[in-house]
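Asks: What follows is coords_18.txt; its format and atoms are compact mmCIF, C-alpha atoms.
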# COMPACT_ATOMS: atom_id res chain seq x y z
CA MET A 3 0.00 0.00 0.00
CA LEU A 4 2.84 2.40 0.83
CA ARG A 5 5.24 1.31 -1.90
CA PRO A 6 4.22 3.88 -4.58
CA ILE A 7 4.61 6.76 -2.11
CA THR A 8 7.93 5.48 -0.77
CA GLU A 9 9.29 4.96 -4.28
CA ARG A 10 8.33 8.49 -5.34
CA PHE A 11 9.89 9.74 -2.13
CA LEU A 12 13.20 7.95 -2.73
CA ARG A 13 13.36 9.24 -6.29
CA SER A 14 12.65 12.77 -5.08
CA ALA A 15 15.45 12.42 -2.51
CA GLY A 16 17.83 11.61 -5.35
CA ILE A 17 18.31 7.85 -5.22
CA ASP A 18 20.16 6.60 -8.28
CA ALA A 19 22.01 3.62 -9.67
CA ALA A 20 25.19 2.50 -7.88
CA MET A 21 24.43 4.46 -4.68
CA ARG A 22 25.20 3.26 -1.16
CA VAL A 23 22.00 3.44 0.94
CA LEU A 24 21.33 2.87 4.64
CA ASP A 25 17.80 1.97 5.79
CA LEU A 26 17.21 2.75 9.48
CA GLY A 27 14.83 0.46 11.37
CA CYS A 28 14.39 -1.66 8.26
CA GLY A 29 12.00 -4.19 9.81
CA ALA A 30 11.07 -6.93 7.34
CA GLY A 31 12.92 -5.12 4.55
CA ASP A 32 10.19 -3.44 2.52
CA VAL A 33 11.99 -0.12 2.08
CA SER A 34 15.40 -1.78 1.75
CA MET A 35 14.12 -3.89 -1.15
CA ILE A 36 12.66 -0.88 -2.95
CA ALA A 37 15.98 0.93 -2.53
CA ALA A 38 17.91 -2.11 -3.76
CA GLU A 39 15.84 -2.25 -6.93
CA LEU A 40 16.49 1.46 -7.56
CA VAL A 41 20.26 1.38 -6.96
CA GLY A 42 20.63 -1.78 -9.03
CA PRO A 43 23.33 -4.47 -8.84
CA ALA A 44 26.10 -1.85 -8.84
CA GLY A 45 24.69 -0.23 -5.70
CA PHE A 46 24.51 -1.45 -2.13
CA VAL A 47 21.87 -1.23 0.61
CA VAL A 48 22.35 -1.88 4.32
CA GLY A 49 19.27 -2.35 6.50
CA ILE A 50 19.65 -2.12 10.26
CA ASP A 51 17.18 -3.09 12.98
CA ARG A 52 17.32 -4.19 16.62
CA ASN A 53 15.01 -7.18 16.09
CA GLN A 54 16.82 -10.29 14.88
CA GLU A 55 13.58 -12.10 14.01
CA VAL A 56 12.43 -9.46 11.52
CA LEU A 57 15.96 -9.29 10.10
CA ASP A 58 15.81 -13.03 9.40
CA VAL A 59 12.53 -12.45 7.53
CA ALA A 60 14.05 -9.54 5.60
CA ARG A 61 17.14 -11.56 4.66
CA LYS A 62 15.00 -14.44 3.36
CA ARG A 63 12.78 -12.10 1.33
CA ALA A 64 15.78 -10.39 -0.26
CA GLN A 65 17.31 -13.75 -1.19
CA GLU A 66 14.06 -14.95 -2.74
CA ALA A 67 13.88 -11.73 -4.77
CA GLY A 68 17.44 -12.18 -5.98
CA LEU A 69 18.59 -8.90 -4.44
CA GLN A 70 22.18 -9.69 -3.59
CA GLN A 71 23.02 -6.01 -3.12
CA ILE A 72 21.35 -5.93 0.34
CA SER A 73 22.96 -6.65 3.70
CA PHE A 74 21.02 -6.72 6.97
CA VAL A 75 22.71 -5.92 10.29
CA ARG A 76 21.38 -6.15 13.83
CA ALA A 77 22.08 -2.72 15.31
CA SER A 78 20.49 0.49 16.51
CA VAL A 79 21.28 3.88 15.01
CA GLU A 80 23.22 4.67 18.20
CA GLU A 81 25.40 1.56 17.82
CA PHE A 82 25.92 1.57 14.07
CA SER A 83 29.05 3.18 12.67
CA VAL A 84 30.66 3.55 9.26
CA VAL A 85 34.10 2.02 8.96
CA ASP A 86 34.84 2.97 5.37
CA ASP A 87 32.77 5.21 3.10
CA PRO A 88 29.67 6.94 4.51
CA PHE A 89 26.36 6.53 2.68
CA ASP A 90 24.99 8.50 -0.26
CA LEU A 91 21.49 8.28 1.20
CA VAL A 92 20.23 7.44 4.69
CA ILE A 93 16.50 6.73 4.88
CA GLY A 94 13.85 5.74 7.41
CA ARG A 95 10.13 5.01 7.21
CA TYR A 96 7.98 5.38 10.34
CA ILE A 97 11.11 5.85 12.46
CA LEU A 98 11.01 9.38 13.90
CA ILE A 99 7.47 9.00 15.27
CA HIS A 100 8.73 6.24 17.57
CA GLN A 101 11.64 8.27 18.96
CA PRO A 102 11.35 10.01 22.35
CA GLU A 103 14.27 12.18 21.17
CA PRO A 104 13.93 12.48 17.37
CA VAL A 105 16.43 15.33 17.12
CA THR A 106 19.13 13.16 18.70
CA LEU A 107 18.44 10.41 16.19
CA LEU A 108 18.60 12.88 13.30
CA ARG A 109 22.00 14.13 14.42
CA LYS A 110 23.37 10.60 14.70
CA ALA A 111 21.90 9.58 11.36
CA ALA A 112 23.39 12.67 9.68
CA ARG A 113 26.88 11.52 10.68
CA LEU A 114 26.39 8.45 8.50
CA VAL A 115 25.79 10.54 5.37
CA ARG A 116 28.66 11.60 3.11
CA PRO A 117 29.05 15.32 2.27
CA GLY A 118 26.60 16.04 -0.51
CA GLY A 119 24.50 13.00 0.38
CA ALA A 120 20.91 13.08 1.62
CA LEU A 121 18.98 12.23 4.78
CA ALA A 122 15.34 11.29 4.19
CA PHE A 123 12.35 10.25 6.32
CA HIS A 124 8.83 9.06 5.49
CA GLU A 125 6.43 9.48 8.42
CA VAL A 126 2.71 8.92 8.99
CA ARG A 127 0.57 11.87 10.08
CA MET A 128 -1.36 10.48 13.03
CA ALA A 129 -3.50 13.59 13.37
CA SER A 130 -5.03 12.92 9.95
CA GLU A 131 -8.81 12.75 9.81
CA THR A 132 -9.23 9.38 8.11
CA LYS A 133 -12.82 10.14 7.22
CA SER A 134 -15.47 8.66 4.97
CA ILE A 135 -17.63 10.65 2.53
CA PRO A 136 -20.56 9.89 2.57
CA HIS A 137 -20.34 9.08 6.27
CA VAL A 138 -19.86 5.38 7.15
CA PRO A 139 -20.25 5.01 10.94
CA LEU A 140 -18.25 1.77 11.22
CA TRP A 141 -15.32 3.21 9.26
CA ASP A 142 -15.25 6.44 11.27
CA LEU A 143 -15.55 4.68 14.63
CA THR A 144 -12.73 2.27 13.78
CA SER A 145 -10.39 4.94 12.45
CA ASN A 146 -11.06 7.22 15.42
CA LEU A 147 -10.25 4.45 17.91
CA VAL A 148 -7.01 3.66 16.07
CA ARG A 149 -6.00 7.31 16.03
CA ILE A 150 -6.69 7.72 19.77
CA ALA A 151 -4.66 4.63 20.67
CA LEU A 152 -1.69 5.68 18.54
CA GLN A 153 -1.69 9.26 19.79
CA LEU A 154 -1.63 8.02 23.40
CA SER A 155 1.10 5.42 22.90
CA VAL A 156 3.55 6.62 20.25
CA PRO A 157 6.26 8.87 21.78
CA ASN A 158 6.51 11.37 18.92
CA HIS A 159 2.99 10.92 17.56
CA ASP A 160 2.94 14.36 15.92
CA GLY A 161 6.41 13.96 14.43
CA ALA A 162 5.13 14.12 10.84
CA ASP A 163 3.88 17.64 11.56
CA ARG A 164 7.16 18.70 13.14
CA LEU A 165 9.72 17.56 10.57
CA VAL A 166 10.83 21.11 9.76
CA GLY A 167 11.39 21.81 13.45
CA HIS A 168 13.19 18.51 14.04
CA PHE A 169 15.56 19.09 11.11
CA SER A 170 16.21 22.66 12.26
CA GLU A 171 16.94 21.65 15.88
CA ALA A 172 19.32 18.98 14.62
CA GLY A 173 21.29 21.64 12.72
CA LEU A 174 20.27 20.24 9.33
CA PRO A 175 19.26 22.18 6.20
CA TYR A 176 15.59 23.06 5.68
CA PRO A 177 14.02 19.87 4.27
CA HIS A 178 12.12 19.43 1.04
CA LEU A 179 8.63 18.12 1.83
CA PHE A 180 5.59 16.56 0.24
CA CYS A 181 2.46 14.90 1.57
CA GLU A 182 0.19 12.25 0.03
CA GLU A 183 -3.03 10.58 1.15
CA ILE A 184 -4.21 7.10 0.23
CA VAL A 185 -7.83 7.22 -0.94
CA GLY A 186 -10.06 4.20 -1.42
CA GLY A 187 -13.63 3.03 -1.72
CA SER A 188 -13.53 0.11 -4.13
CA ALA A 189 -13.97 -3.49 -3.01
CA ASP A 190 -10.27 -4.22 -3.57
CA SER A 191 -8.87 -1.28 -1.59
CA PRO A 192 -6.12 -2.31 0.87
CA LEU A 193 -7.36 0.24 3.40
CA TYR A 194 -9.96 -2.13 4.94
CA ARG A 195 -7.38 -4.75 5.86
CA SER A 196 -4.91 -2.17 7.10
CA LEU A 197 -7.44 -0.49 9.41
CA ALA A 198 -8.88 -3.78 10.70
CA GLU A 199 -5.43 -5.17 11.52
CA LEU A 200 -4.43 -1.96 13.29
CA LEU A 201 -7.50 -2.04 15.52
CA GLN A 202 -6.96 -5.70 16.32
CA THR A 203 -3.37 -4.95 17.35
CA LEU A 204 -4.38 -1.93 19.45
CA GLN A 205 -7.54 -3.38 21.03
CA PRO A 206 -5.81 -4.67 24.20
CA GLN A 207 -4.29 -1.25 24.73
CA LEU A 208 -7.66 0.48 24.28
CA GLU A 209 -9.17 -1.88 26.83
CA ARG A 210 -6.36 -1.24 29.34
CA MET A 211 -6.95 2.50 28.95
CA ARG A 212 -10.70 1.85 29.47
CA ILE A 213 -11.52 3.52 26.18
CA THR A 214 -13.23 0.41 24.83
CA THR A 215 -14.26 -3.06 25.92
CA ALA A 216 -14.19 -6.22 23.86
CA GLU A 217 -17.88 -5.61 23.09
CA THR A 218 -17.38 -2.06 21.73
CA ILE A 219 -16.39 -3.29 18.30
CA ALA A 220 -15.79 -6.90 17.25
CA THR A 221 -12.50 -7.34 15.41
CA ASP A 222 -13.42 -10.76 13.99
CA GLY A 223 -14.50 -10.23 10.39
CA LEU A 224 -13.97 -6.48 10.69
CA GLU A 225 -12.17 -6.20 7.35
CA SER A 226 -15.18 -7.66 5.49
CA ARG A 227 -17.66 -5.53 7.43
CA LEU A 228 -15.70 -2.37 6.67
CA ARG A 229 -15.54 -3.25 2.99
CA ASP A 230 -19.24 -4.05 2.77
CA ALA A 231 -20.26 -0.85 4.59
CA VAL A 232 -18.07 1.42 2.47
CA VAL A 233 -18.97 -0.18 -0.85
CA GLU A 234 -22.70 -0.19 -0.04
CA ALA A 235 -22.56 3.53 0.84
CA ARG A 236 -20.49 4.28 -2.28
CA SER A 237 -18.24 6.15 0.07
CA GLN A 238 -14.76 7.55 -0.44
CA VAL A 239 -12.46 6.72 2.48
CA TYR A 240 -9.09 8.18 3.44
CA GLY A 241 -6.03 6.64 5.00
CA PRO A 242 -3.62 8.71 7.12
CA ALA A 243 -1.51 11.29 5.31
CA GLN A 244 2.07 10.33 4.53
CA VAL A 245 4.61 13.13 5.00
CA CYS A 246 8.04 12.82 3.40
CA ALA A 247 11.04 15.04 4.10
CA TRP A 248 14.62 15.03 2.89
CA ALA A 249 17.64 17.31 2.98
CA ARG A 250 20.99 17.27 1.21
CA LEU A 251 23.87 17.62 3.67
Just give me the structure as structure tokens.

Replies:
Amino acid sequence: MLRPITERFLRSAGIDAAMRVLDLGCGAGDVSMIAAELVGPAGFVVGIDRNQEVLDVARKRAQEAGLQQISFVRASVEEFSVVDDPFDLVIGRYILIHQPEPVTLLRKAARLVRPGGALAFHEVRMASETKSIPHVPLWDLTSNLVRIALQLSVPNHDGADRLVGHFSEAGLPYPHLFCEEIVGGSADSPLYRSLAELLQTLQPQLERMRITTAETIATDGLESRLRDAVVEARSQVYGPAQVCAWARL
């Protein structure tokens, strides 16, 4: 669902063939694999993450895709260092929003970029009104609950709205920015699955905070019920805005 936006973002940030790219908090390797395709066999991508299990998944996916120009390393941004050449491009998707001290992370990440290289981040705007038009009560209730849970639990939940400030405080150049929204409404939209899975993941947290109970909204079959309600209403539904920022150092 996010791939088209991330690919446009990487191209805007200047990714090109034969570049050396570092992917911060790479997870299962989605962004690393996009970057590897764009830099080609003459380039090189390193993905770092603290979680060995997701790195094993990422490594297997890259091997199955024949992307030999990717290496995955278990490390945090704080621990990772460049022995030889720094990177042409350092990227992260949904990284800054999870940082209690995003400016500190930006400063450390900037040290991994060569002079003239770029630092780039793709973040989700959690304050987005993921509405439905015409109004679909089930969609709006679900999206509102997800937004509340994320805003109460993610350390830098408004980080997508503060990228200019974060870059400035870190002593970085003013970033280039763009924002895109995912819009759906057809039966095959990926938004139903995404929203249903998010609520299912966050439901225990909502119950602990006494915002909902298990009876407030049933997560079993929620994806199908969201799809049916939106399609029947011929509604247009919105996912959260995606804000992308990059600066050349």

Asks: Write out as a list of chain:residue names each polymer residue whose atoms come within 12 Å of Val166 of chain A, counting only C-alpha atoms; drop sequence neighbours fewer than 6 positions from it.

Replies: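 These residues fall inside the cut-off: A:Pro104, A:Val105, A:Leu108, A:Phe123, A:Ala172, A:Gly173, A:Leu174, A:Pro175, A:Tyr176, A:Pro177, A:His178, A:Leu179, A:Phe180, A:Val245, A:Cys246, A:Ala247, A:Trp248, A:Ala249.
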
Asks: Looking at A:Ile99, A:Ser191, A:Tyr240, A:Ile135, which one is nearest to Gln153 of chain A, with distances taken over only C-alpha atoms?

Replies: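 With only C-alpha atoms as the atom set, the closest residue is A:Ile99.
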
Asks: With distances taken over only C-alpha atoms, which of A:Leu251, A:Asp160, A:Leu165, A:Asp142 is nearest to Leu228 of chain A?

Replies: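 Closest residue, counting only C-alpha atoms: A:Asp142.
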
Asks: Could the centre and edge lengths of an axis-aligned box, enclosing all atoms of segment 152-160 of chain A in the file with 8 Å extra on each side, be given in Å to one decimal as JSON?

Replies:
{"center_x": 2.4, "center_y": 9.9, "center_z": 19.7, "size_x": 24.2, "size_y": 24.9, "size_z": 23.5}

Asks: Which one of A:Lys62, A:Arg210, A:His100, A:Arg195 sits closest to Asp222 of chain A if you count all atoms listed in the file?

Replies: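 For Asp222 of chain A, the nearest of the given residues is A:Arg195.
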
Asks: Counting only C-alpha atoms, figure out which residue out of A:Leu4, A:Val59, A:Val33, A:Ala111 gets nearest to Gly241 of chain A.

Replies: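 Going through A:Leu4, A:Val59, A:Val33, A:Ala111 one by one, the smallest distance to Gly241 of chain A is for A:Leu4.
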
Asks: When you count only C-alpha atoms, which of these residues is closest to Val233 of chain A: A:Pro136, A:Gly31, A:Pro43, A:Gly167?

Replies: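 Ranking A:Pro136, A:Gly31, A:Pro43, A:Gly167 by distance to Val233 of chain A, first place goes to A:Pro136.
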
Asks: Check the smallest atom-to-atom distance from each of A:Ala64, A:Leu107, A:Val41, A:Ile93 to Gly119 of chain A using all atoms listed in the file, then report the winner.

Replies: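 Among A:Ala64, A:Leu107, A:Val41, A:Ile93, it is A:Ile93 that comes nearest to Gly119 of chain A.
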
Asks: Could you tell me how far atom CA of Ser188 of chain A lies from atom CA of Ala151 of chain A, in Å and to one decimal?

Replies: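 Computed distance, atom CA of Ser188 of chain A to atom CA of Ala151 of chain A, equals 26.7 Å.
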
Asks: For Arg22 of chain A, please output as a PDB file with C-alpha atoms, in the coordinates of the input all residues within 12 Å (counting only C-alpha atoms; exclusion window: fewer than 2 positions along the same chain).

Replies:
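Saved the output as out-v9.pdb:
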ATOM      1  CA  GLY A  16      17.830  11.610  -5.350  1.00  0.00           C
ATOM      2  CA  ILE A  17      18.310   7.850  -5.220  1.00  0.00           C
ATOM      3  CA  ASP A  18      20.160   6.600  -8.280  1.00  0.00           C
ATOM      4  CA  ALA A  19      22.010   3.620  -9.670  1.00  0.00           C
ATOM      5  CA  ALA A  20      25.190   2.500  -7.880  1.00  0.00           C
ATOM      6  CA  LEU A  24      21.330   2.870   4.640  1.00  0.00           C
ATOM      7  CA  ASP A  25      17.800   1.970   5.790  1.00  0.00           C
ATOM      8  CA  SER A  34      15.400  -1.780   1.750  1.00  0.00           C
ATOM      9  CA  ALA A  37      15.980   0.930  -2.530  1.00  0.00           C
ATOM     10  CA  ALA A  38      17.910  -2.110  -3.760  1.00  0.00           C
ATOM     11  CA  LEU A  40      16.490   1.460  -7.560  1.00  0.00           C
ATOM     12  CA  VAL A  41      20.260   1.380  -6.960  1.00  0.00           C
ATOM     13  CA  GLY A  42      20.630  -1.780  -9.030  1.00  0.00           C
ATOM     14  CA  PRO A  43      23.330  -4.470  -8.840  1.00  0.00           C
ATOM     15  CA  ALA A  44      26.100  -1.850  -8.840  1.00  0.00           C
ATOM     16  CA  GLY A  45      24.690  -0.230  -5.700  1.00  0.00           C
ATOM     17  CA  PHE A  46      24.510  -1.450  -2.130  1.00  0.00           C
ATOM     18  CA  VAL A  47      21.870  -1.230   0.610  1.00  0.00           C
ATOM     19  CA  VAL A  48      22.350  -1.880   4.320  1.00  0.00           C
ATOM     20  CA  GLY A  49      19.270  -2.350   6.500  1.00  0.00           C
ATOM     21  CA  GLN A  71      23.020  -6.010  -3.120  1.00  0.00           C
ATOM     22  CA  ILE A  72      21.350  -5.930   0.340  1.00  0.00           C
ATOM     23  CA  SER A  73      22.960  -6.650   3.700  1.00  0.00           C
ATOM     24  CA  VAL A  84      30.660   3.550   9.260  1.00  0.00           C
ATOM     25  CA  ASP A  86      34.840   2.970   5.370  1.00  0.00           C
ATOM     26  CA  ASP A  87      32.770   5.210   3.100  1.00  0.00           C
ATOM     27  CA  PRO A  88      29.670   6.940   4.510  1.00  0.00           C
ATOM     28  CA  PHE A  89      26.360   6.530   2.680  1.00  0.00           C
ATOM     29  CA  ASP A  90      24.990   8.500  -0.260  1.00  0.00           C
ATOM     30  CA  LEU A  91      21.490   8.280   1.200  1.00  0.00           C
ATOM     31  CA  VAL A  92      20.230   7.440   4.690  1.00  0.00           C
ATOM     32  CA  ILE A  93      16.500   6.730   4.880  1.00  0.00           C
ATOM     33  CA  LEU A 114      26.390   8.450   8.500  1.00  0.00           C
ATOM     34  CA  VAL A 115      25.790  10.540   5.370  1.00  0.00           C
ATOM     35  CA  ARG A 116      28.660  11.600   3.110  1.00  0.00           C
ATOM     36  CA  GLY A 119      24.500  13.000   0.380  1.00  0.00           C
ATOM     37  CA  ALA A 120      20.910  13.080   1.620  1.00  0.00           C
TER      38      ALA A 120
END

Asks: Could you give me, as a list in words, the residues within 10 Å of Gln54 of chain A, counting only C-alpha atoms and dropping anything in the same chain fewer than 6 positions from it?

Replies: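 The residues satisfying every condition are Gly29, Ala60, Phe74, Val75, Arg76 and Ala77 of chain A.
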
Asks: For Leu154 of chain A, work out the shell of residues within 10 Å, counting only C-alpha atoms and skipping chain neighbours fewer than 5 positions away, then give it as a PyMOL selection string.

Replies: chain A and resi 149+159+207-208+211

Asks: If I take atom CA of Val156 of chain A and atom CA of Gly27 of chain A, how far is one from the other in Å, to one decimal?

Replies: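 For atom CA of Val156 of chain A relative to atom CA of Gly27 of chain A, the distance reads 15.6 Å.
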
Asks: Which residues are near Ser78 of chain A? Cut-off 7 Å, all atoms listed in the file, ignore same chain within fewer than 3 positions. Put them as a PyMOL selection string.

Replies: chain A and resi 50-52+81-82

Asks: Between atom CA of Ser226 of chain A and atom CA of Thr144 of chain A, what is the distance in Å, rounded to a tenth?

Replies: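 Straight-line distance from atom CA of Ser226 of chain A to atom CA of Thr144 of chain A works out to 13.2 Å.
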